[in-house]
>>> print(open('start07.csv').read())   # CSV, C-alpha atoms and all ligand atoms
chain,number,residue,atom,x,y,z
A,24,MET,CA,118.8,109.5,104.9
A,25,ASN,CA,120.3,106.1,105.7
A,26,GLN,CA,123.4,107.8,107.1
A,27,ARG,CA,121.4,110.4,109.0
A,28,TYR,CA,118.7,108.1,110.4
A,29,PRO,CA,120.0,104.6,110.4
A,30,ALA,CA,117.6,103.4,113.0
A,31,ALA,CA,114.5,105.3,112.2
A,32,GLU,CA,111.4,103.4,113.3
A,33,CYS,CA,107.7,103.8,113.9
A,34,ALA,CA,107.0,106.3,116.7
A,35,LEU,CA,103.6,104.9,117.4
A,36,HIS,CA,103.2,102.6,120.4
A,37,TYR,CA,101.7,99.2,119.5
A,38,THR,CA,102.0,95.6,120.5
A,39,ASP,CA,100.6,93.6,117.6
A,40,PRO,CA,99.3,94.1,114.0
A,41,PHE,CA,95.8,95.1,115.3
A,42,THR,CA,97.0,97.8,117.7
A,43,LEU,CA,99.3,99.1,114.9
A,44,VAL,CA,96.3,99.3,112.5
A,45,ILE,CA,94.3,101.3,115.0
A,46,ALA,CA,97.2,103.5,116.1
A,47,VAL,CA,98.0,104.4,112.4
A,48,LEU,CA,94.3,105.0,111.7
A,49,LEU,CA,94.1,107.4,114.7
A,50,SER,CA,97.3,109.2,113.6
A,51,ALA,CA,95.7,111.0,110.6
A,52,GLN,CA,95.8,114.8,111.0
A,53,THR,CA,97.4,114.5,114.4
A,54,THR,CA,100.7,113.8,116.0
A,55,ASP,CA,102.1,110.4,117.0
A,56,LYS,CA,102.6,111.8,120.5
A,57,ALA,CA,98.9,112.6,120.9
A,58,VAL,CA,98.0,109.1,119.7
A,59,ASN,CA,100.4,107.5,122.1
A,60,LEU,CA,98.6,109.3,125.0
A,61,VAL,CA,95.2,107.8,124.2
A,62,THR,CA,96.0,104.3,123.0
A,63,PRO,CA,97.1,102.8,126.3
A,64,THR,CA,93.5,103.4,127.7
A,65,LEU,CA,91.9,102.3,124.5
A,66,PHE,CA,93.9,99.0,124.2
A,67,GLU,CA,93.6,98.2,127.9
A,68,ARG,CA,89.8,98.4,127.6
A,69,TRP,CA,89.5,96.6,124.2
A,70,PRO,CA,92.7,94.8,123.5
A,71,THR,CA,91.6,92.5,120.6
A,72,PRO,CA,89.6,92.9,117.4
A,73,ALA,CA,86.7,90.9,119.0
A,74,ASP,CA,86.7,93.2,122.1
A,75,MET,CA,86.9,96.4,120.0
A,76,ALA,CA,84.2,95.1,117.6
A,77,ALA,CA,81.8,95.1,120.5
A,78,ALA,CA,82.8,98.5,121.9
A,79,PRO,CA,80.2,101.3,121.9
A,80,VAL,CA,81.4,104.0,119.5
A,81,ALA,CA,80.5,106.8,122.0
A,82,GLU,CA,82.8,105.3,124.6
A,83,VAL,CA,85.6,105.0,122.1
A,84,ALA,CA,85.0,108.7,121.1
A,85,GLU,CA,85.2,109.7,124.8
A,86,ILE,CA,88.6,108.1,125.1
A,87,ILE,CA,90.0,109.6,121.9
A,88,HIS,CA,88.2,113.0,122.0
A,89,ARG,CA,91.5,114.9,122.2
A,90,LEU,CA,92.4,113.8,118.7
A,91,GLY,CA,91.3,115.6,115.5
A,92,PHE,CA,88.3,114.1,113.7
A,93,TYR,CA,87.6,111.9,116.8
A,94,LYS,CA,84.0,111.2,115.8
A,95,THR,CA,84.9,109.7,112.4
A,96,LYS,CA,87.9,107.9,113.9
A,97,SER,CA,85.9,106.3,116.7
A,98,ARG,CA,83.4,105.0,114.2
A,99,HIS,CA,86.2,103.7,111.9
A,100,VAL,CA,88.0,102.0,114.9
A,101,VAL,CA,84.9,100.0,115.8
A,102,GLU,CA,84.0,99.2,112.1
A,103,CYS,CA,87.5,98.2,111.3
A,104,ALA,CA,87.6,95.8,114.2
A,105,GLN,CA,84.2,94.4,113.2
A,106,LYS,CA,85.4,93.8,109.6
A,107,ILE,CA,88.6,92.1,110.8
A,108,VAL,CA,86.4,89.8,112.9
A,109,ALA,CA,83.7,89.2,110.2
A,110,ASP,CA,85.9,88.9,107.1
A,111,PHE,CA,89.4,87.9,108.3
A,112,ASP,CA,88.7,85.5,111.2
A,113,GLY,CA,89.9,88.1,113.8
A,114,SER,CA,93.4,88.5,112.3
A,115,VAL,CA,94.7,91.6,110.5
A,116,PRO,CA,95.1,90.7,106.8
A,117,ARG,CA,98.5,90.7,105.1
A,118,THR,CA,97.8,92.1,101.7
A,119,MET,CA,97.4,95.7,100.4
A,120,ASP,CA,94.1,94.8,98.7
A,121,GLU,CA,92.6,93.3,101.9
A,122,LEU,CA,93.9,95.9,104.2
A,123,THR,CA,92.5,98.7,102.2
A,124,THR,CA,89.0,97.2,102.5
A,125,LEU,CA,89.1,98.0,106.2
A,126,PRO,CA,87.2,101.2,107.2
A,127,GLY,CA,89.6,104.2,107.7
A,128,VAL,CA,92.5,102.3,106.1
A,129,GLY,CA,94.1,103.7,103.0
A,130,ARG,CA,97.4,102.9,101.2
A,131,LYS,CA,99.4,105.0,103.6
A,132,THR,CA,98.2,103.0,106.7
A,133,ALA,CA,98.3,99.7,104.8
A,134,ASN,CA,102.0,100.4,103.8
A,135,ILE,CA,102.9,101.1,107.4
A,136,VAL,CA,101.1,98.0,108.7
A,137,LEU,CA,102.6,95.7,106.1
A,138,ASN,CA,106.1,97.0,106.6
A,139,ASN,CA,106.2,97.3,110.4
A,140,ALA,CA,103.9,94.4,111.5
A,141,PHE,CA,104.7,91.8,108.8
A,142,GLY,CA,108.0,93.0,107.2
A,143,ILE,CA,106.3,93.2,103.8
A,144,VAL,CA,107.4,96.2,101.6
A,145,GLU,CA,104.9,96.8,98.9
A,146,GLY,CA,105.1,100.6,98.6
A,147,ILE,CA,106.1,103.8,100.4
A,148,ALA,CA,103.8,105.3,103.0
A,149,VAL,CA,103.3,108.8,101.7
A,150,ASP,CA,102.1,111.0,104.6
A,151,THR,CA,102.1,114.8,104.9
A,152,HIS,CA,105.9,114.9,105.6
A,153,VAL,CA,106.9,112.5,102.7
A,154,PHE,CA,104.5,114.4,100.3
A,155,ARG,CA,105.9,117.8,101.2
A,156,ILE,CA,109.5,116.8,101.0
A,157,ALA,CA,109.1,114.9,97.7
A,158,THR,CA,107.4,117.9,96.2
A,159,ARG,CA,110.0,120.4,97.5
A,160,LEU,CA,112.8,118.2,96.1
A,161,GLY,CA,111.1,118.1,92.7
A,162,LEU,CA,110.7,114.3,92.9
A,163,THR,CA,107.0,114.6,92.2
A,164,ARG,CA,104.5,117.1,90.9
A,165,ALA,CA,101.5,115.0,91.9
A,166,ALA,CA,98.5,116.6,93.5
A,167,THR,CA,97.8,113.7,95.9
A,168,PRO,CA,99.9,111.5,98.1
A,169,ALA,CA,98.6,108.4,96.2
A,170,ALA,CA,99.9,109.8,92.9
A,171,ALA,CA,103.1,110.9,94.6
A,172,GLU,CA,103.7,107.4,95.8
A,173,LYS,CA,103.7,106.1,92.2
A,174,ASP,CA,106.4,108.7,91.2
A,175,LEU,CA,108.5,107.8,94.2
A,176,LEU,CA,108.3,104.1,93.5
A,177,GLU,CA,109.7,104.8,90.0
A,178,ILE,CA,112.8,106.6,91.2
A,179,ILE,CA,113.6,105.2,94.6
A,180,PRO,CA,115.2,101.7,94.5
A,181,HIS,CA,113.0,99.0,96.1
A,182,GLU,CA,115.5,98.2,98.8
A,183,LEU,CA,115.1,101.7,100.1
A,184,TRP,CA,111.3,101.8,100.2
A,185,GLY,CA,110.9,100.4,103.7
A,186,PRO,CA,112.6,103.1,105.8
A,187,VAL,CA,111.5,106.0,103.6
A,188,ASN,CA,108.5,107.0,105.7
A,189,HIS,CA,110.2,106.9,109.1
A,190,GLN,CA,113.3,108.6,107.9
A,191,TRP,CA,111.5,111.4,106.0
A,192,VAL,CA,109.2,112.0,108.9
A,193,LEU,CA,112.2,112.7,111.1
A,194,PHE,CA,113.8,114.8,108.4
A,195,GLY,CA,110.6,116.7,108.0
A,196,ARG,CA,110.5,117.4,111.7
A,197,GLU,CA,114.1,118.3,112.1
A,198,ILE,CA,115.1,120.0,108.9
A,199,CYS,CA,112.4,120.4,106.2
A,200,ASP,CA,109.7,121.8,108.4
A,201,ALA,CA,106.4,122.5,106.9
A,202,ARG,CA,106.4,126.2,107.7
A,203,LYS,CA,110.0,127.1,108.2
A,204,PRO,CA,112.5,124.7,106.5
A,205,HIS,CA,116.1,125.0,107.8
A,206,CYS,CA,117.7,125.0,104.3
A,207,ASP,CA,120.9,126.4,105.8
A,208,GLU,CA,121.4,123.1,107.7
A,209,CYS,CA,120.0,120.8,105.0
A,210,PRO,CA,122.3,118.1,103.6
A,211,LEU,CA,120.2,118.2,100.4
A,212,LEU,CA,120.6,121.9,99.8
A,213,ASP,CA,122.6,121.5,96.7
A,214,LEU,CA,120.1,119.2,95.1
A,215,CYS,CA,116.9,121.0,96.1
A,216,PRO,CA,115.1,123.3,93.7
A,217,SER,CA,113.0,124.7,96.6
A,218,ALA,CA,116.0,125.7,98.8
A,219,PHE,CA,115.4,129.1,100.3
A,220,LYS,CA,112.2,129.5,98.2
A,221,VAL,CA,109.6,128.4,100.7
A,222,SER,CA,107.9,131.3,102.3
A,223,GLY,CA,109.0,131.8,105.9
A,224,ASN,CA,112.4,130.5,105.0
A,225,PRO,CA,115.3,132.3,106.6
A,226,LYS,CA,117.8,134.1,104.3
A,227,PRO,CA,120.7,131.9,103.0
A,228,HIS,CA,124.0,131.8,105.0
A,229,ARG,CA,125.3,129.0,102.7
A,230,SER,CA,125.5,129.3,99.0
A,231,ARG,CA,124.3,126.4,96.8
A,232,LYS,CA,126.6,124.5,94.5
A,233,SER,CA,125.1,123.6,91.2
A,234,THR,CA,125.1,119.8,91.2
A,235,GLY,CA,121.9,119.1,89.4
A,236,SER,CA,118.5,118.5,91.0
A,237,ALA,CA,117.4,115.8,93.3
A,238,ALA,CA,115.0,114.6,90.7
A,239,SER,CA,117.6,114.4,87.9
A,240,THR,CA,120.1,112.7,90.2
A,241,ALA,CA,117.5,110.2,91.3
A,242,ARG,CA,116.3,109.6,87.7
A,243,LYS,CA,119.9,109.2,86.5
A,244,SER,CA,120.7,106.6,89.2
A,245,SER,CA,117.4,104.8,88.5
A,246,ALA,CA,118.1,104.7,84.8
A,247,SER,CA,121.7,103.5,85.5
A,248,ARG,CA,120.4,100.7,87.7
A,249,LYS,CA,117.9,99.7,85.0
A,250,SER,CA,120.6,99.7,82.4
A,251,SER,CA,123.0,97.7,84.6
A,252,LYS,CA,120.2,95.1,85.1
A,253,ARG,CA,119.5,95.0,81.3
A,254,ALA,CA,123.3,94.6,80.6
A,255,ALA,CA,123.5,91.8,83.2
A,256,SER,CA,120.5,90.0,81.7
A,257,THR,CA,121.8,90.4,78.1
A,258,LYS,CA,125.1,89.0,79.2
A,259,SER,CA,123.6,86.0,80.8
A,260,ALA,CA,120.9,85.4,78.1
A,261,PRO,CA,121.4,82.6,75.6
A,262,LYS,CA,122.9,83.7,72.3
A,263,SER,CA,119.6,83.0,70.5
A,264,GLN,CA,117.9,85.7,72.6
A,265,VAL,CA,120.6,88.4,72.2
B,301,LIG,S1,116.9,122.6,101.0
B,301,LIG,FE1,115.2,123.4,102.2
B,301,LIG,S2,113.3,123.0,101.1
B,301,LIG,FE2,114.9,121.7,100.2
B,301,LIG,S3,114.8,119.7,101.3
B,301,LIG,FE3,116.3,121.0,102.4
B,301,LIG,S4,115.1,122.0,104.0
B,301,LIG,FE4,113.6,121.2,102.5
>>> encode(input="start07.csv", output="structure tokens", more="lines below")
Ligand code: SF4
Amino acid sequence: MNQRYPAAECALHYTDPFTLVIAVLLSAQTTDKAVNLVTPTLFERWPTPADMAAAPVAEVAEIIHRLGFYKTKSRHVVECAQKIVADFDGSVPRTMDELTTLPGVGRKTANIVLNNAFGIVEGIAVDTHVFRIATRLGLTRAATPAAAEKDLLEIIPHELWGPVNHQWVLFGREICDARKPHCDECPLLDLCPSAFKVSGNPKPHRSRKSTGSAASTARKSSASRKSSKRAASTKSAPKSQV
């Protein structure tokens, strides 16, 4: 993914942590493109948490009405701004625990905000693309994105967590499409247990090599990293501890 998408970044338009929180909150169940069409008007009218906290929900709803679940989202936008003003002195908080107290903000949104606004990598933002790809690759059997995140954090090295969301979103759009994955063009074909098995998948033109699954490869490299770390710490530990 690093080779294919070296410069993957957030496709939502934002100017500061607050506008990012609101943009990500609005992006649930809709496209980033649709969100980018409504946020310029929204942020021009109510640019700060204090401004948005005083916005009438009905007027916010009018501006974002083309987005799915706009009624709930407009309420969350205003309540989120009100909580930022009331509990965090008007500034978006910088911890997972605090961020997830904001209305409409779950772990996925908090991960994106921490990573993109503050450069803090605490987890992997598991959205619909990441969840689907991880499941197809056999990296998780979890029933929910939150549980899938735990599995991914176990097998993906920490230094790769940051770009996972943006890279996998692009990969999901270009190759591992929800309805019609392009397995023939997929660089992970030889590792993927779901290759050519998803309904709507075109017939294979390429044959798979048997190189082991993505899950076993990831787990082997995770185990090997852990064992190298253990070996290094044993080497450097004082004799009395060996
Ligand atoms: S082989 Fe097919 S199902 Fe598997 S990751 Fe690639 S596109 Fe998705």
>>> closest_atom_pairs(input="start07.csv", of="chain A", to="ligand LIG 301 (chain B)", cutoff="9 Å", atoms="all atoms listed in the file", output="CSV")
residue,atom,partner,partner_atom,distance
A:Arg155,CA,B:LIG301,FE4,8.5
A:Ile156,CA,B:LIG301,S3,6.0
A:Ala157,CA,B:LIG301,S3,8.3
A:Arg159,CA,B:LIG301,S2,5.5
A:Leu160,CA,B:LIG301,S3,5.8
A:Phe194,CA,B:LIG301,S4,8.5
A:Gly195,CA,B:LIG301,FE4,7.7
A:Glu197,CA,B:LIG301,S4,9.0
A:Ile198,CA,B:LIG301,S4,5.3
A:Cys199,CA,B:LIG301,S4,3.8
A:Asp200,CA,B:LIG301,S4,7.0
A:Ala201,CA,B:LIG301,FE4,8.5
A:Lys203,CA,B:LIG301,S4,8.3
A:Pro204,CA,B:LIG301,S4,4.5
A:His205,CA,B:LIG301,S4,4.9
A:Cys206,CA,B:LIG301,FE1,3.6
A:Asp207,CA,B:LIG301,S1,7.3
A:Glu208,CA,B:LIG301,S4,7.4
A:Cys209,CA,B:LIG301,FE3,4.5
A:Pro210,CA,B:LIG301,FE3,6.8
A:Leu211,CA,B:LIG301,FE3,5.2
A:Leu212,CA,B:LIG301,S1,4.0
A:Asp213,CA,B:LIG301,S1,7.2
A:Leu214,CA,B:LIG301,S1,7.5
A:Cys215,CA,B:LIG301,FE2,4.6
A:Pro216,CA,B:LIG301,FE2,6.7
A:Ser217,CA,B:LIG301,S2,4.8
A:Ala218,CA,B:LIG301,S1,3.9
A:Phe219,CA,B:LIG301,FE1,6.0
A:Lys220,CA,B:LIG301,S2,7.2
A:Val221,CA,B:LIG301,S2,6.6
A:Asn224,CA,B:LIG301,FE1,8.1
>>> atom_distance(input="start07.csv", atom1="CA of Ala81 (chain A)", atom2="CA of Thr54 (chain A)")
22.2 Å
>>> residues_around(input="start07.csv", residues="Ala34 (chain A)", least_positions_apart="5", cutoff="9 Å", atoms="all atoms listed in the file", output="ChimeraX atom specification")
/A:55-56,59,189
>>> atom_distance(input="start07.csv", atom1="CA of Thr64 (chain A)", atom2="CA of Val149 (chain A)")
28.3 Å
>>> residues_around(input="start07.csv", residues="region 82-85 of chain A", least_positions_apart="3", cutoff="6 Å", atoms="all atoms listed in the file", output="list of chain:residue names")
A:Pro79, A:His88, A:Tyr93, A:Lys94, A:Ser97
>>> atom_distance(input="start07.csv", atom1="CA of Thr163 (chain A)", atom2="CA of Thr118 (chain A)")
26.1 Å
>>> closest_residue(input="start07.csv", among="A:Gly146, A:Pro72, A:Arg202, A:Pro63", to="Ser222 (chain A)", atoms="only C-alpha atoms")
A:Arg202
>>> residues_near_point(input="start07.csv", point="(88.4, 107.9, 110.5)", cutoff="10 Å", atoms="all atoms listed in the file", output="ChimeraX atom specification")
/A:45,48-51,91-100,102-103,126-128
>>> write_last_selection(input="start07.csv", atoms="C-alpha atoms", output="compact mmCIF listing (two decimals), in the coordinates of the input")
# COMPACT_ATOMS: atom_id res chain seq x y z
CA ILE A 45 94.30 101.30 115.00
CA LEU A 48 94.30 105.00 111.70
CA LEU A 49 94.10 107.40 114.70
CA SER A 50 97.30 109.20 113.60
CA ALA A 51 95.70 111.00 110.60
CA GLY A 91 91.30 115.60 115.50
CA PHE A 92 88.30 114.10 113.70
CA TYR A 93 87.60 111.90 116.80
CA LYS A 94 84.00 111.20 115.80
CA THR A 95 84.90 109.70 112.40
CA LYS A 96 87.90 107.90 113.90
CA SER A 97 85.90 106.30 116.70
CA ARG A 98 83.40 105.00 114.20
CA HIS A 99 86.20 103.70 111.90
CA VAL A 100 88.00 102.00 114.90
CA GLU A 102 84.00 99.20 112.10
CA CYS A 103 87.50 98.20 111.30
CA PRO A 126 87.20 101.20 107.20
CA GLY A 127 89.60 104.20 107.70
CA VAL A 128 92.50 102.30 106.10
>>> residues_around(input="start07.csv", residues="Thr38 (chain A)", least_positions_apart="2", cutoff="12 Å", atoms="all atoms listed in the file", output="list in words")
Cys33, Leu35, His36, Pro40, Phe41, Thr42, Leu43, Val44, Ile45, Ala46, Thr62, Pro63, Phe66, Glu67, Pro70, Thr71, Asn139 and Ala140 of chain A
>>> residues_around(input="start07.csv", residues="Phe141 (chain A)", least_positions_apart="4", cutoff="8 Å", atoms="all atoms listed in the file", output="PyMOL selection string")
chain A and resi 40+117+136-137
>>> residues_around(input="start07.csv", residues="Glu145 (chain A)", least_positions_apart="6", cutoff="9 Å", atoms="only C-alpha atoms", output="list in words")
Thr118, Met119, Asn134, Leu137, Asn138, His181, Trp184 and Gly185 of chain A
>>> build_atoms(input="start07.csv", residues="region 99-118 of chain A", atoms="N, CA and C atoms", output="PDB file, keeping the file's coordinate frame")
ATOM      1  N   HIS A  99      85.352 104.543 112.743  1.00  0.00           N
ATOM      2  CA  HIS A  99      86.200 103.700 111.900  1.00  0.00           C
ATOM      3  C   HIS A  99      86.926 102.622 112.787  1.00  0.00           C
ATOM      4  N   VAL A 100      87.328 102.994 114.005  1.00  0.00           N
ATOM      5  CA  VAL A 100      88.000 102.000 114.900  1.00  0.00           C
ATOM      6  C   VAL A 100      87.104 100.810 115.119  1.00  0.00           C
ATOM      7  N   VAL A 101      85.861 101.078 115.450  1.00  0.00           N
ATOM      8  CA  VAL A 101      84.900 100.000 115.800  1.00  0.00           C
ATOM      9  C   VAL A 101      84.591  99.203 114.471  1.00  0.00           C
ATOM     10  N   GLU A 102      84.311  99.918 113.387  1.00  0.00           N
ATOM     11  CA  GLU A 102      84.000  99.200 112.100  1.00  0.00           C
ATOM     12  C   GLU A 102      85.140  98.426 111.585  1.00  0.00           C
ATOM     13  N   CYS A 103      86.330  98.958 111.774  1.00  0.00           N
ATOM     14  CA  CYS A 103      87.500  98.200 111.300  1.00  0.00           C
ATOM     15  C   CYS A 103      87.664  96.921 112.075  1.00  0.00           C
ATOM     16  N   ALA A 104      87.489  96.985 113.395  1.00  0.00           N
ATOM     17  CA  ALA A 104      87.600  95.800 114.200  1.00  0.00           C
ATOM     18  C   ALA A 104      86.464  94.783 113.804  1.00  0.00           C
ATOM     19  N   GLN A 105      85.274  95.311 113.544  1.00  0.00           N
ATOM     20  CA  GLN A 105      84.200  94.400 113.200  1.00  0.00           C
ATOM     21  C   GLN A 105      84.466  93.714 111.836  1.00  0.00           C
ATOM     22  N   LYS A 106      85.083  94.439 110.896  1.00  0.00           N
ATOM     23  CA  LYS A 106      85.400  93.800 109.600  1.00  0.00           C
ATOM     24  C   LYS A 106      86.504  92.770 109.748  1.00  0.00           C
ATOM     25  N   ILE A 107      87.473  93.069 110.601  1.00  0.00           N
ATOM     26  CA  ILE A 107      88.600  92.100 110.800  1.00  0.00           C
ATOM     27  C   ILE A 107      87.965  90.794 111.390  1.00  0.00           C
ATOM     28  N   VAL A 108      87.015  90.949 112.300  1.00  0.00           N
ATOM     29  CA  VAL A 108      86.400  89.800 112.900  1.00  0.00           C
ATOM     30  C   VAL A 108      85.508  89.048 111.860  1.00  0.00           C
ATOM     31  N   ALA A 109      84.689  89.825 111.143  1.00  0.00           N
ATOM     32  CA  ALA A 109      83.700  89.200 110.200  1.00  0.00           C
ATOM     33  C   ALA A 109      84.374  88.607 108.985  1.00  0.00           C
ATOM     34  N   ASP A 110      85.367  89.300 108.401  1.00  0.00           N
ATOM     35  CA  ASP A 110      85.900  88.900 107.100  1.00  0.00           C
ATOM     36  C   ASP A 110      87.272  88.208 107.166  1.00  0.00           C
ATOM     37  N   PHE A 111      87.997  88.413 108.265  1.00  0.00           N
ATOM     38  CA  PHE A 111      89.400  87.900 108.300  1.00  0.00           C
ATOM     39  C   PHE A 111      89.637  87.056 109.545  1.00  0.00           C
ATOM     40  N   ASP A 112      88.577  86.480 110.070  1.00  0.00           N
ATOM     41  CA  ASP A 112      88.700  85.500 111.200  1.00  0.00           C
ATOM     42  C   ASP A 112      89.420  86.142 112.405  1.00  0.00           C
ATOM     43  N   GLY A 113      89.306  87.430 112.569  1.00  0.00           N
ATOM     44  CA  GLY A 113      89.900  88.100 113.800  1.00  0.00           C
ATOM     45  C   GLY A 113      91.350  88.423 113.633  1.00  0.00           C
ATOM     46  N   SER A 114      91.955  88.176 112.439  1.00  0.00           N
ATOM     47  CA  SER A 114      93.400  88.500 112.300  1.00  0.00           C
ATOM     48  C   SER A 114      93.531  89.611 111.214  1.00  0.00           C
ATOM     49  N   VAL A 115      94.437  90.521 111.461  1.00  0.00           N
ATOM     50  CA  VAL A 115      94.700  91.600 110.500  1.00  0.00           C
ATOM     51  C   VAL A 115      95.222  90.969 109.195  1.00  0.00           C
ATOM     52  N   PRO A 116      94.600  91.285 108.047  1.00  0.00           N
ATOM     53  CA  PRO A 116      95.100  90.700 106.800  1.00  0.00           C
ATOM     54  C   PRO A 116      96.453  91.187 106.391  1.00  0.00           C
ATOM     55  N   ARG A 117      97.124  90.426 105.499  1.00  0.00           N
ATOM     56  CA  ARG A 117      98.500  90.700 105.100  1.00  0.00           C
ATOM     57  C   ARG A 117      98.702  91.169 103.717  1.00  0.00           C
ATOM     58  N   THR A 118      97.643  91.613 103.061  1.00  0.00           N
ATOM     59  CA  THR A 118      97.800  92.100 101.700  1.00  0.00           C
ATOM     60  C   THR A 118      97.277  93.520 101.575  1.00  0.00           C
TER      61      THR A 118
END
